[in-house]
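Structure file coords_22.cif with mmCIF, C-alpha atoms:
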data_upload
loop_
_atom_site.label_atom_id
_atom_site.label_comp_id
_atom_site.auth_asym_id
_atom_site.auth_seq_id
_atom_site.Cartn_x
_atom_site.Cartn_y
_atom_site.Cartn_z
CA MET A 1 -2.63 -5.37 -8.98
CA SER A 2 0.73 -4.62 -7.38
CA ILE A 3 -0.70 -1.41 -5.90
CA PHE A 4 -3.61 -3.33 -4.37
CA THR A 5 -1.26 -5.98 -3.00
CA GLY A 6 1.01 -3.37 -1.46
CA ALA A 7 -1.97 -1.60 0.11
CA CYS A 8 -3.13 -4.85 1.74
CA VAL A 9 0.20 -5.63 3.41
CA ALA A 10 -0.07 -3.14 6.28
CA PRO A 11 -3.68 -3.96 7.33
CA ILE A 12 -3.03 -7.71 7.19
CA MET A 13 0.17 -7.38 9.22
CA TRP A 14 -1.59 -5.19 11.79
CA LEU A 15 -4.41 -7.72 12.06
CA CYS A 16 -1.98 -10.61 12.45
CA VAL A 17 0.03 -8.83 15.15
CA ALA A 18 -3.19 -8.02 17.03
CA LEU A 19 -4.33 -11.64 16.81
CA LEU A 20 -0.96 -13.03 17.88
CA ASN A 21 -1.05 -10.73 20.89
CA GLY A 22 -4.53 -12.01 21.74
CA THR A 23 -5.79 -8.99 23.68
CA PHE A 24 -8.27 -7.72 21.10
CA TYR A 25 -9.57 -11.18 20.33
CA GLU A 26 -10.27 -12.13 23.93
CA CYS A 27 -12.17 -8.88 24.52
CA ALA A 28 -14.21 -9.29 21.34
CA ILE A 29 -14.99 -12.99 21.59
CA SER A 30 -15.87 -12.98 25.27
CA GLY A 31 -18.41 -10.22 24.71
CA LEU A 32 -20.44 -12.22 22.22
CA ASP A 33 -23.97 -12.73 23.41
CA GLU A 34 -24.59 -15.70 21.16
CA ASN A 35 -25.67 -18.91 22.85
CA LEU A 36 -23.46 -20.95 20.54
CA ALA A 37 -20.33 -19.04 21.59
CA VAL A 38 -21.22 -19.15 25.27
CA ASP A 39 -21.94 -22.88 25.08
CA LEU A 40 -18.60 -23.46 23.38
CA PHE A 41 -16.51 -21.55 25.91
CA CYS A 42 -18.40 -22.62 29.02
CA LYS A 43 -18.92 -26.24 28.09
CA ASN A 44 -18.79 -28.52 31.14
CA LYS A 45 -18.53 -25.45 33.38
CA THR A 46 -20.79 -23.87 35.97
CA LEU A 47 -23.61 -21.44 35.26
CA LYS A 48 -21.42 -18.74 36.76
CA CYS A 49 -19.09 -19.04 33.76
CA ARG A 50 -21.93 -18.02 31.44
CA GLU A 51 -22.74 -15.01 33.55
CA GLU A 52 -19.16 -13.84 34.06
CA LEU A 53 -17.69 -14.66 30.64
CA ALA A 54 -17.76 -11.07 29.36
CA ARG A 55 -15.88 -9.84 32.45
CA VAL A 56 -13.01 -12.33 32.18
CA PRO A 57 -10.63 -10.19 30.04
CA CYS A 58 -11.23 -7.15 32.26
CA ASP A 59 -10.18 -8.98 35.43
CA ARG A 60 -13.55 -8.21 37.02
CA SER A 61 -15.12 -11.63 36.96
CA LYS A 62 -16.09 -13.52 40.09
CA LEU A 63 -14.65 -16.75 38.74
CA SER A 64 -11.76 -18.44 40.44
CA SER A 65 -8.28 -17.50 39.26
CA ASP A 66 -7.71 -20.97 37.78
CA GLU A 67 -10.97 -20.93 35.84
CA ARG A 68 -10.35 -17.40 34.63
CA MET A 69 -6.80 -18.23 33.52
CA GLU A 70 -8.07 -21.30 31.71
CA LEU A 71 -10.51 -19.19 29.71
CA LEU A 72 -7.88 -16.55 28.94
CA LEU A 73 -5.41 -19.17 27.72
CA MET A 74 -8.11 -20.68 25.53
CA PHE A 75 -8.93 -17.25 24.03
CA ARG A 76 -5.26 -16.49 23.37
CA ALA A 77 -4.65 -19.90 21.82
CA GLN A 78 -7.60 -19.41 19.46
CA SER A 79 -6.40 -15.90 18.63
CA GLN A 80 -2.88 -17.08 17.82
CA ILE A 81 -4.18 -19.96 15.72
CA LEU A 82 -6.31 -17.50 13.75
CA GLY A 83 -3.38 -15.10 13.36
CA TRP A 84 -1.00 -17.79 12.11
CA SER A 85 -3.71 -19.11 9.78
CA ILE A 86 -4.05 -15.68 8.18
CA ILE A 87 -0.26 -15.39 7.81
CA ILE A 88 0.00 -18.83 6.17
CA PHE A 89 -3.00 -18.13 3.93
CA ALA A 90 -1.57 -14.76 2.86
CA ALA A 91 1.83 -16.35 2.16
CA ILE A 92 0.25 -19.08 0.03
CA ILE A 93 -1.85 -16.55 -1.89
CA GLY A 94 1.23 -14.39 -2.43
CA LEU A 95 3.27 -17.36 -3.66
CA LEU A 96 0.52 -18.53 -6.01
CA GLY A 97 0.01 -14.99 -7.28
CA THR A 98 3.73 -14.57 -7.98
CA CYS A 99 3.93 -17.92 -9.76
CA CYS A 100 0.83 -17.18 -11.81
CA LYS A 101 2.11 -13.72 -12.71
CA ASN A 102 5.50 -15.06 -13.82
CA CYS A 103 3.96 -17.93 -15.79
CA ARG A 104 1.54 -15.64 -17.62
CA SER A 105 4.10 -12.89 -18.16
CA GLN A 106 4.75 -11.79 -21.73
CA VAL A 107 8.47 -11.49 -21.07
CA SER A 108 11.11 -14.01 -20.12
CA TYR A 109 12.68 -14.12 -16.67
CA LEU A 110 15.90 -12.41 -17.80
CA GLN A 111 14.02 -9.70 -19.66
CA LEU A 112 11.78 -9.21 -16.64
CA SER A 113 14.89 -8.80 -14.47
CA PHE A 114 16.23 -6.22 -16.93
CA TRP A 115 12.87 -4.43 -16.89
CA LYS A 116 12.88 -4.22 -13.10
CA HIS A 117 16.44 -2.88 -13.04
CA TYR A 118 15.58 -0.34 -15.72
CA ILE A 119 12.52 0.91 -13.81
CA GLU A 120 14.61 1.30 -10.65
CA LYS A 121 17.35 3.21 -12.47
CA GLU A 122 14.87 5.37 -14.37
CA LYS A 123 13.11 6.32 -11.13
CA GLU A 124 16.45 7.01 -9.47
CA ARG A 125 17.63 9.26 -12.30
CA PHE A 126 14.18 10.87 -12.64
CA ASP A 127 14.28 11.88 -8.98
CA ALA A 128 17.77 13.32 -9.48
CA PHE A 129 16.67 15.27 -12.58
CA THR A 130 13.57 16.64 -10.86
CA VAL A 131 15.63 17.84 -7.91
CA ASP A 132 18.15 19.45 -10.25
CA TYR A 133 15.57 21.21 -12.42
CA ALA A 134 13.42 22.20 -9.46
CA THR A 135 16.50 23.78 -7.87
CA LYS A 136 17.31 25.66 -11.07
CA LEU A 137 13.73 26.89 -11.40
CA ALA A 138 13.61 28.01 -7.78
CA GLU A 139 16.93 29.85 -8.15
CA ARG A 140 15.74 31.52 -11.36
CA ASN A 141 12.48 32.68 -9.76
CA LEU A 142 14.19 33.95 -6.63
CA GLN A 143 16.84 35.74 -8.66
CA SER A 144 14.16 37.37 -10.81
CA PHE A 145 12.24 38.46 -7.72
CA PHE A 146 15.12 39.89 -5.72
CA GLU A 147 16.87 41.48 -8.70
CA ASN A 148 13.55 42.83 -10.00
CA LYS A 149 14.03 41.72 -13.60
CA LYS A 150 12.46 39.34 -16.09
CA PRO A 151 13.26 35.68 -15.50
CA ASN A 152 15.50 33.84 -17.91
CA PRO A 153 13.59 31.43 -20.19
CA MET A 154 13.63 27.75 -19.22
CA GLN A 155 12.45 24.86 -21.35
CA PHE A 156 10.04 22.43 -19.71
CA PRO A 157 7.81 19.63 -21.03
CA ASN A 158 4.25 20.72 -21.67
CA HIS A 159 1.29 19.60 -19.60
CA LYS A 160 0.28 16.89 -22.07
CA ALA A 161 3.74 15.34 -21.92
CA TRP A 162 3.56 15.09 -18.12
CA GLU A 163 0.19 13.36 -18.40
CA GLU A 164 1.46 10.85 -20.95
CA ILE A 165 4.51 9.77 -18.96
CA SER A 166 2.35 9.46 -15.82
CA GLU A 167 0.11 6.79 -17.32
CA CYS A 168 0.19 3.24 -16.03
CA TYR A 169 2.32 1.10 -18.36
CA THR A 170 2.02 -2.61 -19.09
CA PHE A 171 4.70 -4.34 -21.12
CA SER A 172 3.58 -5.49 -24.54
CA ARG A 173 5.39 -7.65 -27.08
CA SER A 174 4.25 -5.34 -29.85
CA GLU A 175 6.14 -2.43 -28.27
CA GLN A 176 9.78 -2.69 -27.25
CA TYR A 177 9.44 -0.11 -24.50
CA TYR A 178 10.15 -0.48 -20.80
CA SER A 179 8.26 2.54 -19.48
CA THR A 180 5.87 5.30 -20.49
CA LEU A 181 8.83 7.68 -20.49
CA GLN A 182 10.71 5.62 -23.08
CA ARG A 183 7.56 5.24 -25.17
CA TYR A 184 7.04 9.00 -25.11
CA VAL A 185 10.60 10.06 -26.01
CA GLU A 186 10.76 7.59 -28.92
CA ARG A 187 7.52 8.75 -30.48
CA THR A 188 7.90 10.13 -33.99
CA ASP A 189 5.00 12.57 -33.53
CA ARG A 190 6.33 13.92 -30.26
CA ASP A 191 5.17 17.42 -29.36
CA PHE A 192 8.17 19.68 -28.66
CA SER A 193 6.15 22.80 -27.93
CA PRO A 194 7.15 24.33 -24.57
CA GLU A 195 4.85 24.53 -21.61
CA LYS A 196 2.52 27.47 -21.55
CA ARG A 197 2.45 29.78 -18.59
CA PRO A 198 0.16 28.14 -16.01
CA VAL A 199 -3.02 29.93 -15.04
CA LEU A 200 -5.17 29.35 -11.98
CA HIS A 201 -8.48 27.61 -12.58
CA ILE A 202 -10.90 29.57 -10.41
CA GLU A 203 -13.48 26.81 -9.82
CA ASP A 204 -11.12 23.97 -8.94
CA GLY A 205 -8.33 26.02 -7.42
CA ILE A 206 -5.65 24.24 -9.46
CA GLU A 207 -3.16 25.37 -12.04
CA MET A 208 -4.00 24.60 -15.65
CA ALA A 209 -1.68 24.95 -18.62
#
In structure tokens, what does this structure look like?
Amino acid sequence: MSIFTGACVAPIMWLCVALLNGTFYECAISGLDENLAVDLFCKNKTLKCREELARVPCDRSKLSSDERMELLLMFRAQSQILGWSIIIFAAIIGLLGTCCKNCRSQVSYLQLSFWKHYIEKEKERFDAFTVDYATKLAERNLQSFFENKKPNPMQFPNHKAWEEISECYTFSRSEQYYSTLQRYVERTDRDFSPEKRPVLHIEDGIEMA
């Protein structure tokens, strides 16, 4: 759910900015060929307004400057109202979603705070460890290549272990774990066998252990 919410932020913000600016809306709405839209925008106006409505945003209409500006201001006002409505609606949905999530959460507020801090620290340390081990592996491989000798052995988790710690984790009261990594390392039946030498899968073009 959090992934979906995060993915929606950018498109909604782009849409709101475009609507608040008003340019896209006035071009789109003035080009509608629906009688209802034309009647709404050209109500109590001359027949010329109906004929020139689509040309108003392009500054090519034969309407007077006052009439054209009146239509443009109306379009921009509608666009901004729509943009602010989306922002308010999204904020309300976000607030309700956060409240609902916290109320239905299986953990208390303090434990949830601890969980969030733990995830941040685990990710931070995981990134540091991956950089460190990737550097060591790169140095070992380069040293083996340039010195023309067998590489020194290095212990790495096997392919199955990587898959298990990459799973999506949801906190459960029955398990006192805060991540898939913690759940994996505390398993009693943990597999300590080293990673096999990767081989290239011909059909998919990917490395398989």
Any idea what's packed within 10 Å of Asp191 in chain A, counting only C-alpha atoms, ignoring anything in its chain fewer than 3 positions away? Could you give it as a list in words?
Pro157, Asn158, Lys160, Ala161, Tyr184, Val185, Arg187, Thr188 and Pro194 of chain A
Write out the residues from the selection above, keeping C-alpha atoms, as a compact mmCIF listing (two decimals), keeping the file's coordinate frame.
# COMPACT_ATOMS: atom_id res chain seq x y z
CA PRO A 157 7.81 19.63 -21.03
CA ASN A 158 4.25 20.72 -21.67
CA LYS A 160 0.28 16.89 -22.07
CA ALA A 161 3.74 15.34 -21.92
CA TYR A 184 7.04 9.00 -25.11
CA VAL A 185 10.60 10.06 -26.01
CA ARG A 187 7.52 8.75 -30.48
CA THR A 188 7.90 10.13 -33.99
CA PRO A 194 7.15 24.33 -24.57
Expected axis-aligned box over every listed atom of range 181-189 of chain A, 6 Å added per side, centre plus edges in Å to one decimal, as JSON:
{"center_x": 7.9, "center_y": 8.9, "center_z": -27.2, "size_x": 17.8, "size_y": 19.3, "size_z": 25.5}
Distance criterion (all atoms listed in the file): nearest to Ile165 in chain A out of A:Phe89, A:Phe126, A:Phe145, A:Phe114
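For Ile165 in chain A, the nearest of the candidates is A:Phe126.
Evaluated on this file, the PyMOL selection byres ((chain A and resi 6-21) around 8) matches Ser2, Ile3, Phe4, Thr5, Gly22, Thr23, Phe24, Tyr25, Arg76, Ser79, Gln80, Ile81, Leu82, Gly83, Trp84, Ile86 and Ile87 of chain A.
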Which residues, written as a compact mmCIF listing (two decimals) with C-alpha atoms, in the frame of the given file, have at least one atom at most 12 Å from Ile119 in chain A, with only C-alpha atoms counted and residues fewer than 6 positions away on the same chain left out?
# COMPACT_ATOMS: atom_id res chain seq x y z
CA LEU A 112 11.78 -9.21 -16.64
CA SER A 113 14.89 -8.80 -14.47
CA ARG A 125 17.63 9.26 -12.30
CA PHE A 126 14.18 10.87 -12.64
CA TYR A 169 2.32 1.10 -18.36
CA PHE A 171 4.70 -4.34 -21.12
CA TYR A 177 9.44 -0.11 -24.50
CA TYR A 178 10.15 -0.48 -20.80
CA SER A 179 8.26 2.54 -19.48
CA THR A 180 5.87 5.30 -20.49
CA LEU A 181 8.83 7.68 -20.49
CA GLN A 182 10.71 5.62 -23.08
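Each of A:Ala138, A:Ile88, A:Cys49, A:Cys100 was checked against Ser61 in chain A using only C-alpha atoms; the smallest atom-to-atom distance is that of A:Cys49.
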Here's a test: counting all atoms listed in the file, identify every protein, DNA and RNA residue with an atom at most 12 Å from (-10.4, -18.2, 26.2) in the file's coordinate frame, and state them as a VMD selection string.
chain A and resid 22 to 31 37 to 38 40 to 43 49 53 to 57 67 to 80
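Here CA of Ser108 in chain A stands at a distance of 18.5 Å from CA of Leu95 in chain A.
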